[in-house]
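One structure below.
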Amino acid sequence: MPGWIIPPPREPVKSREAFRRERQEKVARLNRRGYLRSERIKAALLKVPREDFIPFFYRDYAYEEVPLPLPGEEATISCPHSYPLFYEPLGLDRGHRFLEVGLGSGYGAALAREIVGEHGLVVSMEIDPLTLAFAGDNLKKTGYRDIVLVQGDGGLGYPDRAPYDRICMTAACKKIPPPLLDQLKTGGRLIAPVKEDGVQNLVLVEKTPEGTVREVICQVLYLSLRGRYGA
Ligand SMILES: C[S@@+](CC[C@H](N)C(=O)[O-])C[C@H]1O[C@@H](n2cnc3c(N)ncnc32)[C@H](O)[C@@H]1O
């Protein structure tokens with residue numbers, strides 16, 4: 001993972017209570033630093049036990065601001081702050097039909113499931129079968145059984161459940177894959193790390209009746225998208 005220093009694997013020692021306290025402190029810090037506005041996103045971050053989505057020997061680092069390795073080729077769970085960083089500008093909310101490209105650990109999908117609620121839909125795609133199996137186990141153990149998990153190239157989207165209100169890409173592309181824009185509702189939003197001019201910009205796209213409107217949120221550092229639209 002270029003640009004990040006990954007802590008060494010070690011036997012976990014932290015208790016459930018210690019993780020619960022770390023989770024509360026993390027949410028309070030994200031709030032103070034201006035990452036959080038939506039009460040639903042805040043409630044989801046307080047509820048989902050991030051430590052249950054982390055490989056055993058990295059579990060104690062669950063609430064540190066570092067991406068951690070996952071089973072599979074080049075898969076990571078993103079830093080804790082990156083979830084509100086993506087979901088706040090996306091305006092992810094109750095009732096949305098949400099597509100995630102890059103399931104990773106399953107943590108982002110679990111958060112989204114809490115945010116969209118019972119009338120919403122979460123579909124998440126993962127290209128790597130080992131990573132998908134890891135996430136599937138994590139989601140089952142934590143009780144998230146109604147997320148649609150799809151193995152395949154997320155750059156192609158998942159037309160079976162389209163259209164989507166919100167789409168989130170968690171791997172960096174050179175350009176937003178056209179199939180994802182096709183599967184986005186008019187009025188819908190998509191967020192993605194896009195490689196341009198030697199950096200990665202976190203790009204928010206809104207689909208309007210007149211076309212797409214684009215905004216750069218900040219610079220980020222993500223692994224490259226694989227598959228047809230891989231960078
Ligand atoms: C930063 S990680 C995802 C983090 C994840 N959202 C989480 O909460 O753990 C990016 C993921 O995208 C996956 N990926 C890369 N290219 C993909 C593609 N074309 N389709 C689907 N998944 C892809 C990688 O295998 C990796 O698991």
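Residue names in the structure tokens use chain letters A, B, ... in the order shown, residue numbers from 1 in each chain, and ligand numbers from 1 in the order shown.
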Selection within 8 Å of ligand 1 by only C-alpha atoms and all ligand atoms, output as a PyMOL selection string: chain A and resi 53+67+70+72-78+83+100-109+125-128+131-132+135+151-156+169-171+222-230
Strand (DSSP E or B) residues, from DSSP on the backbone, in chain A, as JSON, numbers by chain: {"A": [68, 69, 76, 77, 97, 98, 99, 100, 101, 121, 122, 123, 124, 125, 126, 148, 149, 150, 151, 164, 165, 166, 167, 168, 169, 172, 173, 184, 185, 186, 187, 188, 189, 190, 191, 192, 193, 194, 195, 196, 199, 200, 201, 202, 203, 204, 205, 206, 207, 208, 211, 212, 213, 214, 215, 216, 217, 218, 219, 224, 230]}
Filtering to C-alpha atoms, could you give me those residues as a short mmCIF file (atom, residue, chain, number, x, y, z; two decimals), in the first residue's frame?
data_model
loop_
_atom_site.label_atom_id
_atom_site.label_comp_id
_atom_site.auth_asym_id
_atom_site.auth_seq_id
_atom_site.Cartn_x
_atom_site.Cartn_y
_atom_site.Cartn_z
CA LEU A 68 -5.41 -2.44 6.97
CA PRO A 69 -4.74 -5.44 4.70
CA THR A 76 -7.77 -3.11 2.28
CA ILE A 77 -10.30 -1.78 4.74
CA ARG A 97 -30.84 2.28 -3.34
CA PHE A 98 -27.07 2.15 -2.90
CA LEU A 99 -24.37 0.46 -4.98
CA GLU A 100 -20.85 0.05 -3.59
CA VAL A 101 -17.99 -0.87 -5.93
CA LEU A 121 -31.22 -1.41 -0.68
CA VAL A 122 -27.48 -2.10 -0.47
CA VAL A 123 -25.71 -3.89 -3.31
CA SER A 124 -21.95 -4.34 -3.05
CA MET A 125 -19.58 -5.70 -5.70
CA GLU A 126 -16.16 -7.23 -5.17
CA VAL A 148 -26.79 -8.11 -1.99
CA LEU A 149 -23.20 -9.32 -2.49
CA VAL A 150 -22.02 -9.70 -6.07
CA GLN A 151 -18.73 -11.12 -7.24
CA TYR A 164 -29.38 3.46 -7.93
CA ASP A 165 -29.79 6.68 -5.97
CA ARG A 166 -26.20 6.63 -4.78
CA ILE A 167 -23.02 4.89 -5.99
CA CYS A 168 -19.71 4.77 -4.13
CA MET A 169 -16.45 3.53 -5.68
CA ALA A 172 -9.30 4.64 -7.93
CA CYS A 173 -10.26 4.88 -11.60
CA LEU A 184 -27.46 6.08 -11.66
CA LYS A 185 -30.91 7.71 -11.34
CA THR A 186 -31.40 11.24 -12.61
CA GLY A 187 -30.90 13.33 -9.47
CA GLY A 188 -28.57 10.61 -8.13
CA ARG A 189 -24.96 11.02 -6.98
CA LEU A 190 -21.77 9.03 -7.42
CA ILE A 191 -18.48 9.45 -5.57
CA ALA A 192 -15.11 8.03 -6.62
CA PRO A 193 -11.36 8.52 -6.32
CA VAL A 194 -10.22 9.58 -9.82
CA LYS A 195 -6.59 9.65 -10.96
CA GLU A 196 -5.89 12.92 -12.74
CA VAL A 199 -2.93 12.92 -8.02
CA GLN A 200 -6.14 11.25 -6.93
CA ASN A 201 -9.14 13.51 -6.55
CA LEU A 202 -12.24 12.45 -4.66
CA VAL A 203 -14.85 13.38 -7.26
CA LEU A 204 -18.56 13.82 -6.61
CA VAL A 205 -20.81 13.58 -9.66
CA GLU A 206 -24.48 14.54 -9.75
CA LYS A 207 -26.62 13.31 -12.63
CA THR A 208 -29.04 16.02 -13.76
CA GLY A 211 -25.98 16.04 -17.90
CA THR A 212 -23.49 15.47 -15.08
CA VAL A 213 -22.18 18.09 -12.65
CA ARG A 214 -18.77 17.39 -11.13
CA GLU A 215 -17.13 18.62 -7.93
CA VAL A 216 -13.70 17.79 -6.47
CA ILE A 217 -13.95 17.25 -2.70
CA CYS A 218 -10.28 16.72 -1.77
CA GLN A 219 -7.25 14.60 -2.63
CA SER A 224 -6.39 1.13 -8.29
CA GLY A 230 -8.99 -0.30 -14.23
#
Option closest in space to Pro129 (chain A), from A:Ile147, A:Pro71, A:Lys141, A:Ala43 [counting only C-alpha atoms]: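 Nearest candidate to Pro129 (chain A) out of A:Ile147, A:Pro71, A:Lys141, A:Ala43: A:Pro71.
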Best match for closeness to Glu22 (chain A) among A:Gly3, A:Pro49, A:Pro9, A:Gly120, counting only C-alpha atoms: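 Counting only C-alpha atoms, the residue closest to Glu22 (chain A) is A:Pro49.
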Give the alpha helix (DSSP H) residues of region 130-213 of chain A, as DSSP finds them on the backbone, and put them as a tab-separated table (two decimals) with N, CA and C atoms, in the first residue's frame.
chain	number	residue	atom	x	y	z
A	130	LEU	N	-11.59	-14.11	-2.79
A	130	LEU	CA	-11.14	-14.30	-1.39
A	130	LEU	C	-11.65	-13.17	-0.51
A	131	THR	N	-11.57	-11.95	-1.03
A	131	THR	CA	-12.04	-10.79	-0.28
A	131	THR	C	-13.55	-10.88	-0.08
A	132	LEU	N	-14.24	-11.28	-1.12
A	132	LEU	CA	-15.71	-11.41	-1.02
A	132	LEU	C	-16.09	-12.42	0.06
A	133	ALA	N	-15.37	-13.55	0.11
A	133	ALA	CA	-15.69	-14.58	1.10
A	133	ALA	C	-15.44	-14.04	2.52
A	134	PHE	N	-14.35	-13.29	2.70
A	134	PHE	CA	-14.03	-12.70	4.01
A	134	PHE	C	-15.15	-11.75	4.43
A	135	ALA	N	-15.56	-10.87	3.52
A	135	ALA	CA	-16.61	-9.90	3.83
A	135	ALA	C	-17.93	-10.62	4.12
A	136	GLY	N	-18.22	-11.64	3.33
A	136	GLY	CA	-19.47	-12.39	3.51
A	136	GLY	C	-19.54	-12.97	4.93
A	137	ASP	N	-18.43	-13.53	5.41
A	137	ASP	CA	-18.37	-14.09	6.77
A	137	ASP	C	-18.59	-12.98	7.80
A	138	ASN	N	-17.89	-11.86	7.61
A	138	ASN	CA	-18.00	-10.74	8.58
A	138	ASN	C	-19.45	-10.27	8.67
A	139	LEU	N	-20.09	-10.14	7.51
A	139	LEU	CA	-21.46	-9.61	7.50
A	139	LEU	C	-22.43	-10.61	8.14
A	140	LYS	N	-22.18	-11.88	7.88
A	140	LYS	CA	-23.05	-12.91	8.48
A	140	LYS	C	-22.91	-12.88	10.01
A	141	LYS	N	-21.66	-12.84	10.47
A	141	LYS	CA	-21.40	-12.86	11.93
A	141	LYS	C	-21.98	-11.64	12.63
A	178	PRO	N	-18.56	4.47	-17.52
A	178	PRO	CA	-19.87	4.86	-18.08
A	178	PRO	C	-21.05	3.99	-17.63
A	179	PRO	N	-20.86	2.64	-17.46
A	179	PRO	CA	-22.02	1.85	-17.03
A	179	PRO	C	-22.57	2.30	-15.68
A	180	LEU	N	-21.69	2.84	-14.81
A	180	LEU	CA	-22.16	3.28	-13.49
A	180	LEU	C	-23.02	4.53	-13.64
A	181	LEU	N	-22.61	5.41	-14.55
A	181	LEU	CA	-23.43	6.62	-14.78
A	181	LEU	C	-24.77	6.23	-15.39
A	182	ASP	N	-24.75	5.22	-16.26
A	182	ASP	CA	-26.02	4.76	-16.86
A	182	ASP	C	-26.96	4.21	-15.79
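What separates CA of Phe57 (chain A) from CA of Arg145 (chain A) is a distance of 25.2 Å.
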Which residue of A:Val27, A:Gly143, A:Val220, A:Asp93 approaches His119 (chain A) most closely, using only C-alpha atoms: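 That would be A:Asp93, the residue with the smallest distance to His119 (chain A).
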A:Gly34, A:Pro84, A:Pro7, A:Gly91 ranked by distance to Ala62 (chain A), top pick (using only C-alpha atoms): A:Pro7
Point-to-point distance in Å for CA of Leu45 (chain A) and CA of Arg16 (chain A): 15.7 Å
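Between CA of Ser82 (chain A) and CA of Glu11 (chain A) the separation is 25.8 Å.
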A:Gln183, A:Arg94, A:Lys174, A:Lys26 ranked by distance to Asp197 (chain A), top pick (using only C-alpha atoms):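 Among A:Gln183, A:Arg94, A:Lys174, A:Lys26, it is A:Lys174 that comes nearest to Asp197 (chain A).
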